[in-house]
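Trainee: This structure is in structure tokens; I'll ask about it shortly.
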Amino acid sequence: MEISTSTFTRLEFDAVRRLLAARADSLPGRLLAELLTPLTGQEAVALALGEVVEAQTLLSEGRPPLVDNRILKTILERSAASGSLLAAEQLQDVGAAVEVAGRCRSWADPLDEQRRLAKLCASLTPLSALLRRLQESIGPRAELLDSASFELGDIRRELRQLRGRIKQQLEKLLAANVSASCFQEQLITVRNGRYVVPLKTDYRGQIKGLIHDESASGQTLYLEPELVSAGNSRLQQLLQEEKREERRILLQLTDLVRQHRSELAHNEELLARLDMRFAAACLAQEYDGRVPQLVSEPLIELRQARHPLLMVTDGTEIEPSRAIPIDLCLLPPSRTLVISGPNTGGKSVALKSFGLLLLMVRAGLPIPCAEGSRLCLFEKLFVDIGDQQSISEQLSTFSGHLSRLKQILEQAGENALILLDEAGTGTDPAEGAALVIAALEMLQQAGAHTVLTTHLGQLKAWAAETDGVENAAVEIDAETLLPLYRLNYGIPGASSAMATASRLGMPEQLLSRAQQLLGEQPQEGNELLLSLNRRRQELDTLRQQVELEREDARRLWQMRREQLQKLQEQKARVRAQAVQQAEGLIADTTRQLRSIRRKVDGGIESGAKGQVALAAQVDEVRQQLQPFRAQARVRRSNEQPLEVGELVRVLPLGVTAEVKRIQGKDAELQIGGKRMRQSVLQLEAFSPRRFAERGDKKTPQVSAPAAPQAQAMRLVLVGQRVEPALQTLERFLDDALLASLAQIEIVHGSGTGALRKAVREYLAGQRCVTAFYAAAAEHGGEKITVAELGN
């Protein structure tokens, strides 16, 4: 991606780098984050974003063990030349980096091998032999261990023994009665690498030996007694041998590092990348970042986007609620977006957000935006933000902007995004607007996409009249004129300089005079723009309400569809069970009847006893069939007898009919213009009882079962009195049973609770209601009663 260093500065990309670096675990990861730049090619961007998304899913399980990783670049450069020597501290850093690589490989072992991060860790070279050699040679304090070589171990063992003998000899000398008074104190020290004792100046020459030094006062001489001279000489010889052996070991270890320079450099690169991906995942998790859909079509559609730096509270801490979400859109057929509105209203922040969020995605970072966002990875990004004034280059504010605009016109083309802040300012408004409009037309012809902010009315008018150009206004509160930091697309914004000056505390006298000087016509234009913005806000509010209602309707439709599907599945299961049971019973009955028939035909049971036994077997078969016969309803003793003209339910048919005549245990019924006879045991009266209209000679209308889709599942009784409400509920319940509904809802509201109590008491007395309860809190709670119906 073509981008200048000044663009990073003006869009504050360095601040994003610092936020990312603060979340890295290791020095290489922090260094890589601080040097982060946009990636080249869509494949590289998609790979980086995919790795960060994977890291987000793995954060809950813990980050990879990267804390002890070290920077090896300088060390590897130093070890490149043959014969070069690395210090023990540098070799310790190499060992730590190799150990981290091995741990990260082990960390990734449980992961799915198809994961991008698993493949990245699998690419690490373990270098176990080098690590083992370094661990045998270098200690935790960066010291060479005795185990580094057999020779070094022997030398150091002899050194320890020799030091012990020398100290023992000197301790005896210090403690001897003859010589004890010659010494300042019972102390053994070292001068010039040789063991000495503190001799009083007065006793010079009384003890044979070599004086190596004297105290500052001249009262003490540091004497190497003759009896330890040979031991001290051997000690110096061993120390030289130790240094030579240590150098040989360091040269050998450096040579091993040199042999694995490429693997170590590759590991450092992968580990730093892994660390930065998890740092990006942590950052994205903090500001609720996600990856927008990457598209090839040149457009920007970032829904509910937020500027990441507006969320920073203290240092590097992030609080998402500090930033107000905003829709950033530049959609076809528009190629140019003109943002206008009052000062301090958020125009420049919106402009910078376009550029900064594009840079972040190009660098492999998720951005704070909503689902459904889309973004084209523009190949070029040019910005003209801030004051371009330069005294050294003799550029004024306006000439600085023109100089930058000239560079942009020379380099911009297809797949380029240009951001211009306060275009056309710093000179005469009419001339400045004309220059900017001409430049924008050239950029459109070149195929570039442009977003700019302005206060110039000519630019707003040009945007409203030109194809491929769209206005956007910074939204303000219609009553207080305070900025709301959102964008309204399709309309220009009023600058509202007077309101801004008033809000910032300018003197009232100054504001009144300015208003007089301004006149009425400009003010009328501002009022028109404010009116348009107010109407747009009202339409947005209405649209949101419609969306909410549509979502509620969709949810209810889905709920009822699921209920119907469950009911159909339940019926299918019951039917399948019944068919299976019936088929089994038919098979058993057939087998038993055949057995009886064979006995009859064969005369096996020909006597009286045999006939009785056969009859018993037939009765047994009848008893097996008994559960599948229609069960006659037993009328309760307190039930009143049916009357002519009464409306009843015909239980086997599931319909309502009128009683025309009663003959013993049978009743003659009229159903839909036809008459039929039915046992009174199969009839059920309504409660309260219902009768056909006496004065009407017409045939009463009889309810037939309705299709489930035609029957409403909800009855609204809000505002009705108890008695008429219960009558309505009774009819609704009858219709629901005829429609074979499994569940209904009765909306009675809350109020005093009397209607709710009456409805539930009525439901409790109905045999067809198997259960009833209050609706879920999100669906109405105690204001709605849900009743489940049974056959």
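Letters A, B, ... mark the chains of the structure tokens in the order given; residue numbers begin at 1 per chain; ligand numbers begin at 1, in order shown.
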Give me the residues near segment 51-64 of chain A as a list in words, where near means some atom within 9 Å (using only C-alpha atoms) and where sequence neighbours in that chain fewer than 2 positions away do not count.

Mentor: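 Counting only the stated atoms, we get Ala46, Leu47, Ala48, Leu49, Leu66, Val67, Arg103, Cys104, Trp107, Ala108, Arg115, Arg116, Leu117, Leu274, Asp275, Met276, Arg277, Phe278, Ala279, Ala280, Ala281, Cys282, Ala284, Gln285, Arg290, Val291, Gly364, Leu365 and Pro366 of chain A.
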
Trainee: Just list as a short mmCIF file (atom, residue, chain, number, x, y, z; two decimals) with C-alpha atoms, in the first residue's frame whatever in segment 316-466 of chain A DSSP marks as strand (DSSP E or B).

Mentor:
```cif
data_model
loop_
_atom_site.label_atom_id
_atom_site.label_comp_id
_atom_site.auth_asym_id
_atom_site.auth_seq_id
_atom_site.Cartn_x
_atom_site.Cartn_y
_atom_site.Cartn_z
CA ILE A 318 -9.69 1.18 26.81
CA ILE A 326 -21.02 6.27 13.70
CA ASP A 327 -21.84 4.89 10.24
CA LEU A 328 -18.99 5.53 7.79
CA CYS A 329 -20.29 4.96 4.26
CA LEU A 330 -19.08 5.73 0.75
CA THR A 336 -17.18 11.60 -3.34
CA LEU A 337 -18.60 12.35 0.12
CA VAL A 338 -18.88 15.96 1.35
CA ILE A 339 -19.24 16.19 5.16
CA SER A 340 -20.47 19.49 6.60
CA ILE A 367 -11.64 -2.73 13.95
CA ARG A 374 -17.83 -4.04 4.28
CA LEU A 375 -14.55 -2.51 3.20
CA CYS A 376 -12.43 -2.31 0.07
CA LYS A 380 -3.38 4.13 -2.12
CA LEU A 381 -4.27 6.52 0.68
CA PHE A 382 -3.66 10.28 0.54
CA VAL A 383 -4.56 12.73 3.29
CA ASP A 384 -4.52 16.50 3.65
CA SER A 390 5.80 25.96 6.71
CA LEU A 395 4.27 28.18 2.58
CA ALA A 416 -7.16 5.38 -4.29
CA LEU A 417 -8.81 7.00 -1.27
CA ILE A 418 -8.27 10.72 -0.63
CA LEU A 419 -9.15 12.48 2.64
CA LEU A 420 -9.32 16.30 2.64
CA HIS A 449 -12.69 8.10 -4.13
CA THR A 450 -12.70 11.20 -1.94
CA VAL A 451 -14.04 12.16 1.49
CA LEU A 452 -13.77 15.82 2.52
CA THR A 453 -15.07 18.17 5.20
CA THR A 454 -16.13 21.74 4.50
#
```

Trainee: In terms of the shortest atom-to-atom distance over only C-alpha atoms, which of A:Glu263, A:Asp666, A:Glu317, A:Glu761 is closest to Tyr287 of chain A?

Mentor: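 Using only C-alpha atoms, Tyr287 of chain A sits closest to A:Glu317.
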
Trainee: List the neighbours of Ala87 of chain A out to 10 Å using only C-alpha atoms; skip same-chain residues closer than 2 positions along the sequence, and give me the result as a list in words.

Mentor: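 In the requested format, the answer is Ile75, Leu85, Glu89, Gln90, Leu91, Gln92, Ala142, Glu143, Arg247, Leu250, Leu251, Leu253 and Thr254 of chain A.
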
Trainee: Using the chain letters and numbers from this document, which residues of segment 22-192 of chain A does DSSP assign to helix (DSSP H, G or I), as a PyMOL selection string?

Mentor: chain A and resi 27-34+42-61+73-78+88-108+116-122+128-137+146-148+150-175+180-182

Trainee: Compile the contact shell of Ala122 of chain A as a PyMOL selection string: residues with an atom at most 7 Å away, counting only C-alpha atoms, same-chain residues fewer than 3 positions apart removed.

Mentor: chain A and resi 105+118-119

Trainee: Which one is closest to Leu726 of chain A: A:Ala685, A:Leu763, A:Ala33, A:Ala739? Count only C-alpha atoms.

Mentor: A:Leu763

Trainee: Would you work out the distance separating atom CA of Ser179 of chain A from atom CA of Gln219 of chain A, expressed in Å to one decimal?

Mentor: 17.2 Å

Trainee: I'd like the contact shell of Val98 of chain A - 10 Å cut-off, only C-alpha atoms, skipping same-chain residues fewer than 5 positions apart - returned as a ChimeraX atom specification.

Mentor: /A:69-70,92-93,103,124-128,130-132,134,263-264,267-268

Trainee: Could you save the residues just selected, with C-alpha atoms, as a compact mmCIF listing (two decimals), in the first residue's frame?

Mentor:
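Result file result-v8.txt:
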```
# COMPACT_ATOMS: atom_id res chain seq x y z
CA ASN A 69 11.47 -14.66 24.17
CA ARG A 70 14.52 -12.49 23.31
CA GLN A 92 21.93 -17.23 27.32
CA ASP A 93 19.52 -15.10 25.24
CA ARG A 103 7.35 -24.50 24.33
CA LEU A 124 9.17 -23.36 14.32
CA THR A 125 12.48 -25.27 14.37
CA PRO A 126 12.99 -26.83 17.83
CA LEU A 127 16.88 -26.95 17.70
CA SER A 128 16.89 -29.32 20.66
CA LEU A 130 21.66 -26.57 20.41
CA LEU A 131 19.40 -25.96 23.41
CA ARG A 132 20.83 -28.96 25.26
CA LEU A 134 23.64 -24.27 25.77
CA GLU A 263 16.64 -21.18 11.78
CA LEU A 264 17.08 -18.84 14.74
CA ASN A 267 12.01 -18.62 14.71
CA GLU A 268 12.41 -15.04 15.96
```

Trainee: Determine the nearest neighbour of Glu245 of chain A from the options A:Arg156, A:Arg554, A:Arg404, A:Arg194, counting only C-alpha atoms.

Mentor: A:Arg156

Trainee: Which residues are close to Gly386 of chain A, i.e. within 10 Å by only C-alpha atoms, leaving aside same-chain residues fewer than 3 positions away? Reply as a list in words.

Mentor: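 The filter keeps Arg10, Ser348, Val383, Gln389, Thr397, His401, Leu420, Asp421 and Glu422 of chain A.
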
Trainee: Which distance in Å separates atom CA of His212 of chain A and atom CA of Pro225 of chain A, to one decimal?

Mentor: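 We find that atom CA of His212 of chain A and atom CA of Pro225 of chain A lie 10.6 Å from each other.
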